[in-house]
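Below is the file upload.cif, which contains mmCIF, C-alpha atoms and all ligand atoms.
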data_upload
#
loop_
_atom_site.label_atom_id
_atom_site.label_comp_id
_atom_site.auth_asym_id
_atom_site.auth_seq_id
_atom_site.Cartn_x
_atom_site.Cartn_y
_atom_site.Cartn_z
CA MET A 1 -20.20 -14.53 8.34
CA LYS A 2 -21.07 -10.81 8.32
CA GLY A 3 -23.09 -8.52 10.53
CA PHE A 4 -25.94 -9.41 12.88
CA THR A 5 -28.84 -8.56 10.57
CA THR A 6 -27.29 -10.22 7.52
CA LYS A 7 -26.88 -13.39 9.58
CA ALA A 8 -30.42 -13.13 10.97
CA ILE A 9 -31.76 -13.00 7.42
CA HIS A 10 -29.47 -15.43 5.58
CA VAL A 11 -28.16 -18.15 7.89
CA GLY A 12 -30.32 -21.28 7.61
CA GLU A 13 -31.91 -20.03 4.36
CA GLU A 14 -29.68 -21.39 1.64
CA PRO A 15 -31.41 -21.36 -1.78
CA LYS A 16 -28.46 -23.16 -3.40
CA ARG A 17 -29.11 -26.19 -1.18
CA MET A 18 -32.85 -26.29 -1.96
CA GLN A 19 -34.37 -28.52 -4.60
CA TYR A 20 -36.19 -25.59 -6.26
CA GLY A 21 -33.97 -22.76 -5.08
CA ASP A 22 -36.43 -21.63 -2.38
CA VAL A 23 -35.36 -18.30 -0.92
CA VAL A 24 -37.23 -19.19 2.27
CA SER A 25 -36.55 -22.46 4.08
CA PRO A 26 -39.51 -24.85 3.54
CA ILE A 27 -41.49 -26.46 6.38
CA HIS A 28 -40.51 -30.12 6.50
CA LEU A 29 -43.45 -31.81 8.22
CA SER A 30 -42.35 -35.39 7.58
CA THR A 31 -41.79 -37.35 10.78
CA THR A 32 -39.61 -39.97 9.10
CA PHE A 33 -37.16 -40.13 6.20
CA ALA A 34 -36.79 -43.00 3.71
CA LYS A 35 -33.41 -44.42 2.75
CA GLU A 36 -32.18 -45.77 -0.61
CA SER A 37 -30.60 -48.82 0.98
CA LEU A 38 -29.86 -50.46 4.30
CA ASP A 39 -26.34 -49.05 4.16
CA GLU A 40 -27.80 -45.57 4.69
CA VAL A 41 -30.17 -46.13 7.58
CA GLU A 42 -27.88 -44.38 10.05
CA SER A 43 -27.04 -41.38 7.84
CA GLY A 44 -28.81 -38.04 7.33
CA TYR A 45 -32.27 -37.42 8.74
CA VAL A 46 -33.94 -40.45 10.32
CA TYR A 47 -36.77 -39.32 12.60
CA SER A 48 -37.93 -35.76 13.31
CA ARG A 49 -37.61 -35.84 17.11
CA SER A 50 -33.88 -36.51 16.69
CA ALA A 51 -33.39 -34.00 13.87
CA ASN A 52 -35.61 -32.20 11.38
CA PRO A 53 -34.38 -30.07 8.44
CA THR A 54 -36.55 -27.04 9.33
CA ARG A 55 -35.54 -27.15 13.00
CA ASP A 56 -31.91 -27.58 11.92
CA ASN A 57 -32.12 -24.45 9.80
CA LEU A 58 -33.56 -22.49 12.73
CA GLU A 59 -30.89 -23.83 15.08
CA LYS A 60 -28.17 -22.67 12.66
CA LYS A 61 -29.74 -19.20 12.54
CA LEU A 62 -30.11 -18.96 16.33
CA ALA A 63 -26.50 -20.09 16.91
CA ALA A 64 -25.27 -17.37 14.54
CA LEU A 65 -27.15 -14.66 16.46
CA GLU A 66 -25.46 -15.46 19.78
CA ASN A 67 -22.04 -16.07 18.17
CA ALA A 68 -22.39 -19.67 19.33
CA LYS A 69 -21.20 -22.85 17.67
CA TYR A 70 -24.49 -24.63 18.37
CA ALA A 71 -28.14 -23.95 19.16
CA LEU A 72 -30.94 -26.31 20.18
CA ALA A 73 -34.63 -25.44 19.80
CA PHE A 74 -37.31 -26.52 22.28
CA SER A 75 -41.09 -26.40 22.65
CA SER A 76 -40.88 -23.63 25.30
CA GLY A 77 -38.38 -21.59 27.26
CA LEU A 78 -39.03 -23.78 30.29
CA ALA A 79 -38.42 -26.95 28.24
CA ALA A 80 -35.06 -25.48 27.23
CA GLU A 81 -34.25 -24.72 30.89
CA THR A 82 -35.32 -28.22 31.96
CA THR A 83 -33.01 -29.77 29.38
CA ILE A 84 -30.03 -27.70 30.61
CA LEU A 85 -30.61 -28.79 34.22
CA LEU A 86 -31.33 -32.46 33.47
CA SER A 87 -28.37 -32.92 31.15
CA LEU A 88 -25.70 -31.16 33.20
CA LEU A 89 -26.66 -31.74 36.86
CA LYS A 90 -27.34 -34.69 39.11
CA LYS A 91 -28.71 -35.40 42.58
CA GLY A 92 -26.77 -33.49 45.23
CA ASP A 93 -25.63 -30.69 42.91
CA HIS A 94 -26.17 -27.06 43.87
CA VAL A 95 -27.09 -24.02 41.75
CA ILE A 96 -26.68 -20.35 42.67
CA ALA A 97 -29.38 -18.21 41.03
CA PHE A 98 -30.23 -14.51 40.82
CA ASP A 99 -32.94 -13.78 43.39
CA ASP A 100 -35.10 -11.85 40.89
CA LEU A 101 -35.75 -14.64 38.32
CA TYR A 102 -38.71 -15.15 36.00
CA GLY A 103 -41.46 -16.76 38.12
CA GLY A 104 -41.76 -19.90 35.98
CA THR A 105 -38.03 -20.51 36.30
CA LYS A 106 -38.25 -20.31 40.11
CA ARG A 107 -41.23 -22.69 40.05
CA LEU A 108 -39.26 -25.16 37.92
CA PHE A 109 -36.32 -24.96 40.31
CA ASN A 110 -38.28 -25.16 43.58
CA ARG A 111 -41.17 -27.44 42.76
CA VAL A 112 -39.68 -29.77 40.15
CA MET A 113 -35.88 -29.90 40.28
CA GLU A 114 -35.65 -29.86 44.09
CA ARG A 115 -37.70 -33.09 44.15
CA PHE A 116 -34.80 -34.70 42.27
CA GLY A 117 -32.26 -33.57 44.85
CA ILE A 118 -30.86 -30.49 43.12
CA GLY A 119 -30.42 -27.54 45.52
CA PHE A 120 -30.85 -23.82 44.79
CA THR A 121 -29.66 -20.71 46.61
CA TYR A 122 -31.04 -17.33 45.56
CA VAL A 123 -28.58 -14.49 45.79
CA ASP A 124 -28.61 -10.82 44.82
CA LEU A 125 -26.01 -11.25 42.08
CA ARG A 126 -25.49 -7.49 41.86
CA ASP A 127 -23.22 -8.09 44.85
CA LEU A 128 -20.14 -10.12 43.83
CA ALA A 129 -19.03 -10.66 47.44
CA LEU A 130 -22.40 -12.27 48.22
CA PHE A 131 -22.04 -14.48 45.17
CA LYS A 132 -18.58 -15.60 46.24
CA LYS A 133 -19.80 -16.37 49.77
CA SER A 134 -22.65 -18.52 48.44
CA ILE A 135 -20.38 -20.89 46.48
CA MET A 136 -20.33 -24.33 48.15
CA GLU A 137 -18.44 -27.57 47.60
CA SER A 138 -21.44 -28.95 45.69
CA SER A 139 -22.04 -25.83 43.54
CA ARG A 140 -21.99 -26.62 39.82
CA MET A 141 -23.82 -23.77 38.13
CA VAL A 142 -24.74 -20.10 38.38
CA TRP A 143 -28.01 -18.98 36.77
CA ILE A 144 -28.22 -15.35 35.69
CA GLU A 145 -31.07 -13.33 34.28
CA THR A 146 -30.20 -9.78 33.20
CA PRO A 147 -32.07 -7.45 33.00
CA THR A 148 -34.53 -9.04 35.47
CA ASN A 149 -38.28 -9.08 35.54
CA PRO A 150 -39.94 -6.73 36.51
CA LEU A 151 -37.39 -4.50 38.30
CA MET A 152 -34.75 -4.40 35.55
CA LYS A 153 -31.86 -5.28 37.85
CA LEU A 154 -28.60 -6.15 36.08
CA ALA A 155 -25.91 -8.72 36.78
CA ASP A 156 -22.34 -8.24 35.57
CA ILE A 157 -21.96 -11.24 33.23
CA LYS A 158 -18.21 -10.81 32.71
CA ALA A 159 -17.30 -10.43 36.38
CA ILE A 160 -19.59 -13.28 37.48
CA SER A 161 -18.25 -15.57 34.73
CA GLU A 162 -14.65 -14.96 35.77
CA LEU A 163 -15.37 -15.71 39.42
CA ALA A 164 -17.58 -18.69 38.53
CA HIS A 165 -14.92 -20.25 36.32
CA GLU A 166 -12.33 -19.99 39.09
CA HIS A 167 -14.65 -22.31 41.04
CA GLY A 168 -15.51 -24.61 38.12
CA LEU A 169 -19.13 -23.42 37.79
CA ILE A 170 -21.08 -23.45 34.53
CA VAL A 171 -22.50 -20.00 33.77
CA VAL A 172 -26.03 -19.89 32.31
CA VAL A 173 -27.59 -16.60 31.18
CA ASP A 174 -31.29 -16.19 30.40
CA ASN A 175 -30.99 -13.59 27.64
CA THR A 176 -34.72 -13.30 26.89
CA PHE A 177 -35.15 -9.65 27.94
CA ALA A 178 -32.19 -8.13 26.07
CA SER A 179 -32.30 -10.43 23.01
CA PRO A 180 -29.04 -11.30 21.21
CA TYR A 181 -29.29 -8.01 19.32
CA PHE A 182 -28.53 -6.03 22.48
CA GLN A 183 -26.52 -8.49 24.58
CA GLN A 184 -24.34 -11.50 23.76
CA PRO A 185 -23.48 -13.33 26.98
CA LEU A 186 -21.15 -15.93 25.38
CA THR A 187 -18.94 -13.09 24.18
CA LEU A 188 -18.83 -11.83 27.80
CA GLY A 189 -17.67 -15.22 29.13
CA ALA A 190 -20.87 -17.16 29.84
CA ASP A 191 -21.04 -20.84 28.87
CA ILE A 192 -24.71 -21.25 27.98
CA VAL A 193 -27.43 -18.86 26.80
CA VAL A 194 -31.09 -19.72 27.16
CA HIS A 195 -34.04 -17.93 25.55
CA SER A 196 -37.76 -17.95 25.74
CA VAL A 197 -38.16 -17.71 21.98
CA THR A 198 -41.79 -16.88 22.74
CA LYS A 199 -40.72 -13.30 23.41
CA TYR A 200 -38.46 -11.10 21.20
CA LEU A 201 -37.01 -13.82 18.95
CA GLY A 202 -40.46 -14.95 17.78
CA GLY A 203 -41.58 -11.37 18.19
CA HIS A 204 -45.21 -11.66 17.08
CA SER A 205 -46.91 -13.33 20.07
CA ASP A 206 -47.83 -16.37 17.98
CA VAL A 207 -45.40 -19.11 18.98
CA VAL A 208 -44.26 -20.62 22.29
CA GLY A 209 -40.68 -21.85 22.07
CA GLY A 210 -37.27 -21.97 23.68
CA ALA A 211 -33.62 -22.19 22.70
CA VAL A 212 -30.22 -22.96 24.13
CA MET A 213 -27.00 -21.62 22.60
CA VAL A 214 -23.57 -23.02 23.45
CA SER A 215 -20.07 -23.21 21.96
CA ASP A 216 -18.45 -25.90 24.15
CA ASP A 217 -18.50 -29.28 22.34
CA GLU A 218 -18.96 -31.37 25.48
CA LEU A 219 -21.80 -29.27 26.92
CA HIS A 220 -23.48 -29.29 23.52
CA GLU A 221 -23.14 -33.08 23.15
CA LYS A 222 -24.82 -33.66 26.53
CA MET A 223 -27.69 -31.25 25.87
CA ARG A 224 -28.23 -32.54 22.33
CA PHE A 225 -28.48 -36.09 23.68
CA HIS A 226 -31.14 -34.92 26.15
CA GLN A 227 -33.02 -32.88 23.53
CA ASN A 228 -33.68 -36.18 21.76
CA ALA A 229 -33.89 -38.38 24.85
CA VAL A 230 -36.36 -36.13 26.68
CA GLY A 231 -38.09 -34.97 23.49
CA ALA A 232 -39.32 -31.42 24.21
CA ILE A 233 -38.52 -30.29 20.66
CA LEU A 234 -39.87 -27.32 18.67
CA SER A 235 -42.24 -28.36 15.85
CA PRO A 236 -41.34 -27.70 12.19
CA PHE A 237 -44.12 -25.11 11.81
CA ASP A 238 -43.11 -23.27 14.99
CA SER A 239 -39.46 -23.42 13.87
CA TRP A 240 -40.47 -21.77 10.62
CA LEU A 241 -42.44 -19.07 12.46
CA VAL A 242 -39.42 -18.26 14.60
CA MET A 243 -37.16 -18.11 11.51
CA ARG A 244 -39.61 -15.65 9.98
CA GLY A 245 -39.70 -13.58 13.16
CA VAL A 246 -35.95 -13.48 13.69
CA LYS A 247 -35.28 -11.89 10.29
CA THR A 248 -36.70 -8.59 11.56
CA LEU A 249 -35.23 -8.81 15.08
CA ALA A 250 -32.75 -5.97 14.55
CA VAL A 251 -35.27 -3.46 13.20
CA ARG A 252 -37.84 -4.46 15.80
CA MET A 253 -35.38 -4.10 18.68
CA GLU A 254 -34.27 -0.66 17.46
CA ARG A 255 -37.88 0.49 17.44
CA HIS A 256 -38.73 -1.21 20.78
CA GLN A 257 -35.83 0.66 22.33
CA TYR A 258 -36.64 3.99 20.62
CA ASN A 259 -40.19 3.88 22.00
CA ALA A 260 -39.19 2.51 25.43
CA LEU A 261 -36.56 5.15 26.12
CA ARG A 262 -38.94 7.97 25.26
CA ILE A 263 -41.77 6.49 27.30
CA ALA A 264 -39.38 6.00 30.23
CA GLU A 265 -38.39 9.68 30.01
CA TYR A 266 -42.03 10.76 29.73
CA LEU A 267 -42.94 8.72 32.82
CA GLU A 268 -39.91 9.91 34.79
CA ASN A 269 -41.05 13.51 34.32
CA HIS A 270 -44.69 12.83 35.19
CA PRO A 271 -45.88 14.21 38.57
CA LEU A 272 -48.04 11.12 39.27
CA VAL A 273 -45.10 8.70 38.87
CA ASP A 274 -42.83 7.82 41.78
CA LYS A 275 -40.13 5.81 40.07
CA VAL A 276 -39.19 4.39 36.66
CA TYR A 277 -37.05 1.29 36.12
CA TYR A 278 -35.31 1.25 32.71
CA PRO A 279 -31.57 0.54 32.24
CA GLY A 280 -31.33 3.21 29.55
CA LEU A 281 -32.14 6.01 32.03
CA GLU A 282 -29.24 7.85 33.66
CA SER A 283 -31.14 7.43 36.93
CA HIS A 284 -30.89 3.62 36.75
CA PRO A 285 -28.42 2.64 39.50
CA GLN A 286 -26.58 0.29 37.10
CA HIS A 287 -26.71 2.48 33.99
CA ASP A 288 -22.91 2.28 33.61
CA LEU A 289 -22.96 -1.51 33.65
CA ALA A 290 -25.79 -1.46 31.10
CA LYS A 291 -23.67 0.74 28.82
CA ARG A 292 -20.72 -1.63 29.24
CA GLN A 293 -22.36 -4.99 28.63
CA MET A 294 -25.36 -4.13 26.44
CA LYS A 295 -25.52 -2.53 23.01
CA GLY A 296 -28.98 -1.19 23.79
CA TYR A 297 -31.52 -1.30 26.59
CA GLY A 298 -34.48 -3.11 25.09
CA GLY A 299 -38.22 -2.59 25.23
CA MET A 300 -39.10 -3.58 28.82
CA LEU A 301 -39.67 -1.07 31.60
CA SER A 302 -41.63 -0.77 34.80
CA PHE A 303 -42.77 2.14 36.96
CA GLU A 304 -44.43 2.91 40.28
CA LEU A 305 -47.44 5.18 40.39
CA LYS A 306 -47.99 7.43 43.39
CA GLY A 307 -50.56 5.50 45.43
CA GLY A 308 -51.31 1.78 45.56
CA LEU A 309 -53.12 -1.07 43.88
CA GLU A 310 -56.28 0.99 43.25
CA GLU A 311 -54.33 3.62 41.28
CA ALA A 312 -52.49 0.94 39.27
CA ARG A 313 -55.79 -0.73 38.44
CA LYS A 314 -57.41 2.54 37.33
CA PHE A 315 -54.41 3.39 35.17
CA VAL A 316 -54.15 0.13 33.21
CA GLU A 317 -57.91 -0.21 32.76
CA ALA A 318 -58.14 3.16 31.00
CA LEU A 319 -55.67 2.21 28.26
CA GLU A 320 -56.81 1.16 24.81
CA ILE A 321 -53.66 0.43 22.80
CA PHE A 322 -51.68 -1.25 25.59
CA ALA A 323 -53.33 -4.66 26.01
CA LEU A 324 -53.77 -5.86 29.58
CA ALA A 325 -51.79 -9.08 29.24
CA GLU A 326 -48.88 -11.13 30.52
CA SER A 327 -45.92 -12.10 28.31
CA LEU A 328 -43.74 -9.64 26.41
CA GLY A 329 -41.54 -9.06 23.39
CA GLY A 330 -44.19 -8.90 20.64
CA VAL A 331 -44.76 -6.02 18.22
CA GLU A 332 -47.84 -4.95 20.20
CA SER A 333 -47.59 -3.05 23.49
CA LEU A 334 -48.64 -4.92 26.63
CA ILE A 335 -49.15 -3.71 30.18
CA GLU A 336 -49.67 -5.58 33.45
CA ILE A 337 -49.64 -5.24 37.24
CA PRO A 338 -47.11 -7.76 38.64
CA ALA A 339 -48.84 -7.84 42.06
CA LEU A 340 -52.08 -9.03 40.43
CA MET A 341 -50.75 -10.92 37.41
CA THR A 342 -47.21 -12.23 36.70
CA HIS A 343 -46.13 -12.20 40.36
CA ALA A 344 -49.48 -12.85 42.08
CA SER A 345 -48.28 -16.31 43.20
CA VAL A 346 -45.44 -14.71 45.20
CA PRO A 347 -46.65 -13.85 48.74
CA ARG A 348 -47.06 -10.06 49.26
CA GLU A 349 -44.37 -9.96 51.99
CA GLU A 350 -41.86 -11.58 49.66
CA ARG A 351 -42.83 -9.31 46.79
CA LEU A 352 -42.26 -6.23 48.92
CA LYS A 353 -38.93 -7.63 50.11
CA VAL A 354 -37.55 -7.75 46.53
CA GLY A 355 -39.10 -4.34 45.80
CA ILE A 356 -42.28 -5.21 43.87
CA LYS A 357 -44.78 -2.68 45.22
CA ASP A 358 -48.55 -2.90 44.66
CA SER A 359 -48.45 0.19 42.45
CA LEU A 360 -45.76 -1.25 40.16
CA ILE A 361 -46.76 -1.48 36.50
CA ARG A 362 -44.75 -3.47 33.92
CA VAL A 363 -44.75 -2.46 30.27
CA SER A 364 -43.64 -4.37 27.20
CA VAL A 365 -43.29 -1.42 24.82
CA GLY A 366 -44.32 -2.40 21.30
CA ILE A 367 -43.35 -0.89 17.96
CA GLU A 368 -46.48 1.20 17.35
CA ASP A 369 -46.26 4.97 16.76
CA LEU A 370 -44.75 6.61 19.83
CA GLU A 371 -47.26 9.50 19.82
CA ASP A 372 -50.17 7.03 20.01
CA LEU A 373 -48.59 5.16 22.92
CA ILE A 374 -48.02 8.34 24.91
CA GLU A 375 -51.54 9.60 24.15
CA ASP A 376 -52.83 6.24 25.46
CA MET A 377 -50.88 6.68 28.69
CA GLU A 378 -52.35 10.16 29.10
CA LYS A 379 -55.75 8.43 29.28
CA GLY A 380 -54.44 6.32 32.14
CA PHE A 381 -53.26 9.36 34.10
CA LYS A 382 -56.55 11.20 33.45
CA ASN A 383 -58.41 8.25 34.99
CA LEU A 384 -56.58 8.60 38.33
C1 LIG B 401 -41.23 -16.21 29.40
C2 LIG B 401 -39.91 -16.38 30.03
C3 LIG B 401 -39.39 -17.66 30.30
C4 LIG B 401 -40.18 -18.93 30.06
O1 LIG B 401 -40.36 -19.16 28.70
P1 LIG B 401 -41.66 -19.92 28.11
O2 LIG B 401 -41.42 -19.83 26.63
O3 LIG B 401 -42.87 -19.18 28.57
O4 LIG B 401 -41.61 -21.32 28.61
C5 LIG B 401 -38.13 -17.74 30.86
N1 LIG B 401 -37.42 -16.64 31.14
C6 LIG B 401 -37.87 -15.40 30.90
C7 LIG B 401 -37.04 -14.22 31.24
C8 LIG B 401 -39.14 -15.23 30.34
O5 LIG B 401 -39.60 -13.99 30.12
#
As structure tokens, please, write out the structure in this file.
Amino acid sequence: MKGFTTKAIHVGEEPKRMQYGDVVSPIHLSTTFAKESLDEVESGYVYSRSANPTRDNLEKKLAALENAKYALAFSSGLAAETTILLSLLKKGDHVIAFDDLYGGTKRLFNRVMERFGIGFTYVDLRDLALFKKSIMESSRMVWIETPTNPLMKLADIKAISELAHEHGLIVVVDNTFASPYFQQPLTLGADIVVHSVTKYLGGHSDVVGGAVMVSDDELHEKMRFHQNAVGAILSPFDSWLVMRGVKTLAVRMERHQYNALRIAEYLENHPLVDKVYYPGLESHPQHDLAKRQMKGYGGMLSFELKGGLEEARKFVEALEIFALAESLGGVESLIEIPALMTHASVPREERLKVGIKDSLIRVSVGIEDLEDLIEDMEKGFKNL
């Protein structure tokens, strides 16, 4: 079918299939489904953990957005990640991961999966030679996040996939930051895409969810078995909320990016700012790669103020429109200090080693009026 936005609106919403011609897919809350006769007990919907019509409709929509054959919806991004690892790896297997991953993903790897005998090596995947050197006999998977959080580092999905496939590795890309509107990893050679649906796909900060997209039949079969066997499924109501959110993904992402690029430029020219991290800026060291593998640069950026923690604190506390909050990807603008919030659990030494300074501020740029957002930031600078 058709273009991205047409798919986002129409796939999974099929009035012709509906009893009353509903234009919007209904919320099927039933946990179980009655059969006409004993001959039918194995056919169609049986029990909602295994399959539910509303979740099915969402999964069809999500698959279409990533140009995937299949999608599976989960109760959180981390539940989706857990299902990938549990279904495709076993004791003794090794995973190579980008060293700048979402904190919750690192916690899942180090404090849960390692207890089951799965090993992880963290590598700066911007360096292909380092990646190649880190591949071991037991390596089965490479785990990419691009752009990363909060420093907006990029990994070359196509180049890494080619090298990974030469060594029989499964390539997983966490595509939460870019969203499928701006980046489609399966098209670039990756095997599996994972999303925290909580962020841009849901888009309204009112649902926690996750998704996995895949085109390979065998990988899909294994993960689908585990979706049911482990049971961390997305509820019918949450599935419906995500379907509602996804319909406006394209227009939201355009506006997120419009605002983010202009705010990045405003910050870059401000005398009290040391450095801005946004892949859409010419000054971003991987701007060329961003242009090559992304159709846009998204709504996430971070910047360093001149000074330290005290300056960062004064800045964010003076803002009124930007809410002081973790998470990202909703219509409303959020701001946070990684050293005190999202990355506070990482020891300071380690934070500094990957480049997260005390004065670093992360922004999830919302879709409000640009002039109001900039005026709000002026308040922050005046408070310094
Ligand atoms: C939020 C997030 C996750 C985890 O998703 P949850 O829905 O919070 O479980 C994973 N990866 C990235 C990049 C995220 O931002």
- What lies within 8 Å of Lys60 (chain A) using all atoms listed in the file, ignoring chain neighbours under 6 positions off, as a PyMOL selection string? chain A and resi 11-12+70-71
Selection: 7 Å around Phe182 (chain A), all atoms listed in the file, excl. self and same-chain fewer than 4 positions, as a VMD selection string: chain A and resid 178 294 to 297
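The smallest atom-to-atom distance between ligand LIG 401 (chain B) and any of A:Thr146, A:Ser48, A:Ser359, A:Ser30, using all atoms listed in the file, is found for A:Thr146.
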Please return, as a PDB file with C-alpha atoms, in the frame of the given file, all polymer residues that have at least one atom within 12 Å of the point (-29.0, -22.4, 16.0); use all atoms listed in the file and the file's own coordinate frame.
ATOM      1  CA  LYS A   7     -26.880 -13.390   9.580  1.00  0.00           C
ATOM      2  CA  ALA A   8     -30.420 -13.130  10.970  1.00  0.00           C
ATOM      3  CA  VAL A  11     -28.160 -18.150   7.890  1.00  0.00           C
ATOM      4  CA  GLY A  12     -30.320 -21.280   7.610  1.00  0.00           C
ATOM      5  CA  THR A  54     -36.550 -27.040   9.330  1.00  0.00           C
ATOM      6  CA  ARG A  55     -35.540 -27.150  13.000  1.00  0.00           C
ATOM      7  CA  ASP A  56     -31.910 -27.580  11.920  1.00  0.00           C
ATOM      8  CA  ASN A  57     -32.120 -24.450   9.800  1.00  0.00           C
ATOM      9  CA  LEU A  58     -33.560 -22.490  12.730  1.00  0.00           C
ATOM     10  CA  GLU A  59     -30.890 -23.830  15.080  1.00  0.00           C
ATOM     11  CA  LYS A  60     -28.170 -22.670  12.660  1.00  0.00           C
ATOM     12  CA  LYS A  61     -29.740 -19.200  12.540  1.00  0.00           C
ATOM     13  CA  LEU A  62     -30.110 -18.960  16.330  1.00  0.00           C
ATOM     14  CA  ALA A  63     -26.500 -20.090  16.910  1.00  0.00           C
ATOM     15  CA  ALA A  64     -25.270 -17.370  14.540  1.00  0.00           C
ATOM     16  CA  LEU A  65     -27.150 -14.660  16.460  1.00  0.00           C
ATOM     17  CA  GLU A  66     -25.460 -15.460  19.780  1.00  0.00           C
ATOM     18  CA  ASN A  67     -22.040 -16.070  18.170  1.00  0.00           C
ATOM     19  CA  ALA A  68     -22.390 -19.670  19.330  1.00  0.00           C
ATOM     20  CA  LYS A  69     -21.200 -22.850  17.670  1.00  0.00           C
ATOM     21  CA  TYR A  70     -24.490 -24.630  18.370  1.00  0.00           C
ATOM     22  CA  ALA A  71     -28.140 -23.950  19.160  1.00  0.00           C
ATOM     23  CA  LEU A  72     -30.940 -26.310  20.180  1.00  0.00           C
ATOM     24  CA  ALA A  73     -34.630 -25.440  19.800  1.00  0.00           C
ATOM     25  CA  PHE A  74     -37.310 -26.520  22.280  1.00  0.00           C
ATOM     26  CA  VAL A 193     -27.430 -18.860  26.800  1.00  0.00           C
ATOM     27  CA  VAL A 194     -31.090 -19.720  27.160  1.00  0.00           C
ATOM     28  CA  HIS A 195     -34.040 -17.930  25.550  1.00  0.00           C
ATOM     29  CA  VAL A 197     -38.160 -17.710  21.980  1.00  0.00           C
ATOM     30  CA  GLY A 210     -37.270 -21.970  23.680  1.00  0.00           C
ATOM     31  CA  ALA A 211     -33.620 -22.190  22.700  1.00  0.00           C
ATOM     32  CA  VAL A 212     -30.220 -22.960  24.130  1.00  0.00           C
ATOM     33  CA  MET A 213     -27.000 -21.620  22.600  1.00  0.00           C
ATOM     34  CA  VAL A 214     -23.570 -23.020  23.450  1.00  0.00           C
ATOM     35  CA  SER A 215     -20.070 -23.210  21.960  1.00  0.00           C
ATOM     36  CA  HIS A 220     -23.480 -29.290  23.520  1.00  0.00           C
ATOM     37  CA  ARG A 224     -28.230 -32.540  22.330  1.00  0.00           C
ATOM     38  CA  SER A 239     -39.460 -23.420  13.870  1.00  0.00           C
ATOM     39  CA  VAL A 242     -39.420 -18.260  14.600  1.00  0.00           C
ATOM     40  CA  MET A 243     -37.160 -18.110  11.510  1.00  0.00           C
ATOM     41  CA  VAL A 246     -35.950 -13.480  13.690  1.00  0.00           C
TER      42      VAL A 246
END
CA of Arg126 (chain A) to CA of Ile144 (chain A) measures 10.4 Å
Each side padded by 6 Å, which centre and which edge lengths in Å (one decimal) define the axis-aligned box around the listed atoms of ligand LIG 401 (chain B)? Give them as AutoDock Vina command-line options.
--center_x -40.0 --center_y -17.7 --center_z 28.9 --size_x 17.8 --size_y 19.3 --size_z 16.6
